[in-house]
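Scroll down for the structure; my scribbles are underneath it.
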Amino acid sequence: MTLLELADVHASYAGGNRVLHGVSLRVDEGGVTTLLGANGAGKTTTLRAICGMVGRRGTIQFDGRDLTHMRADRVARLGIAHVPQGRGTLTGLTVRENLDAGAALRRDRTQVRKDLDFYLELFPRLAERGKQKGGSLSGGEQQMLAIARALMGAPRLVLLDEPSLGLAPKVTGEVFETISTLRRETGVAMLIVEQNPALVLDMADDVIVLENGRVAAAGTPAELSAQDAIRRAYLGGGE
């Protein structure tokens, strides 16, 4: 079942600088869709359009509800969590306070405690650093904290913007291994923005390639990998 659907979405920033030109995509319930493309292709703007952070027109539906003219705070309350570039960690708060902040809108406190235990087990480094300020963590630890904080809100969809950005290869591998585990164990749907196709193709159900704010290619990883020109241009495949 389709959870999120964008149809002919255009988006622009203040001053009229239009970035998206008719983007369409979908994320299924419990599925993973990945957005690929070079810097400036419109990947981050697509996530911001979903969240209501930029001007947009077209159709954006989440679980059958129209988000196109909805404010960002209302979008978040529907069950969409956004982990932005730069990780979005609340640097002045401790690890535990960050996680508590992620669950601030929830009323099911018993389940919140269970979720906290689950994520601290899944992210053992966060458990070890529970009293440390978020800003004192390493880049990889901050990324893990940002993801865990988003999940503490019990979202149905998580938007991940360049989770590998600025991380060493070994740390990147750990982060994506954890993301894959989250998908298996929680069933949360994900829309993942990445520049490195190798990190996400194995876990993706659908792939959207953006170029200059337009969809340049779309399909399953197998479908796109079978097309030589697309594989060479966008998926990192050789001759």
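Ordered as shown in the structure tokens, chains take letters A, B, and onward, while each chain numbers its residues from 1 and ligands are numbered from 1 in the order shown.
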### Task
Using only C-alpha atoms, determine which residues lie at most 12 Å from segment 184-186 of chain A, disregarding the query and same-chain residues fewer than 3 positions distant; provide the list as a ChimeraX atom specification.
/A:29-32,115,118-119,122,151-152,154-158,177-181,189-190,203
### Message
I'd like the neighbourhood of Ala38 of chain A as a list in words, where a residue qualifies if any of its atoms comes within 10 Å (using only C-alpha atoms), though same-chain residues fewer than 5 positions away should be ignored.
### Response
Lys43, Glu194, Gln195, Asn196, Val209, Leu210, Glu211, Asn212 and Tyr234 of chain A
### Query
Can you tell me, as a PyMOL selection string, what residues are no more than 10 Å from Thr68 of chain A when counting only C-alpha atoms, ignoring any on the same chain fewer than 3 positions away?
chain A and resi 6+9+49-52+55-62+65+71+75
Excluding Leu235 of chain A and its own-chain neighbours fewer than 4 positions away, which residues fall within 7 Å of it when counting only C-alpha atoms? Please give them as a PDB file with N, CA and C atoms, in the first residue's frame.
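Below is the file around.pdb, written as the result:
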```pdb
ATOM      1  N   PRO A 197      25.398   5.484  -4.393  1.00  0.00           N
ATOM      2  CA  PRO A 197      24.415   4.425  -4.643  1.00  0.00           C
ATOM      3  C   PRO A 197      24.750   3.108  -3.950  1.00  0.00           C
ATOM      4  N   ILE A 230      22.034   4.116 -17.787  1.00  0.00           N
ATOM      5  CA  ILE A 230      21.662   4.606 -16.457  1.00  0.00           C
ATOM      6  C   ILE A 230      22.635   4.101 -15.410  1.00  0.00           C
ATOM      7  N   ARG A 231      23.030   2.842 -15.523  1.00  0.00           N
ATOM      8  CA  ARG A 231      23.974   2.292 -14.552  1.00  0.00           C
ATOM      9  C   ARG A 231      25.289   3.071 -14.576  1.00  0.00           C
TER      10      ARG A 231
END
```
#### Entry: Residue nearest Leu182 of chain A - candidates A:Leu126, A:Val95, A:Leu165, A:Met144, atoms counted: only C-alpha atoms
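Once distances to Leu182 of chain A are computed over only C-alpha atoms, the minimum belongs to A:Met144.
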### Task
Point out the residue among A:Asp108, A:Pro169, A:Asp117, A:Val215 with the least atom-to-atom distance to Ala7 of chain A, counting only C-alpha atoms.
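Using only C-alpha atoms, Ala7 of chain A sits closest to A:Val215.
Relative to atom CA of Arg77 of chain A, atom CA of Gln111 of chain A is found at 17.5 Å.
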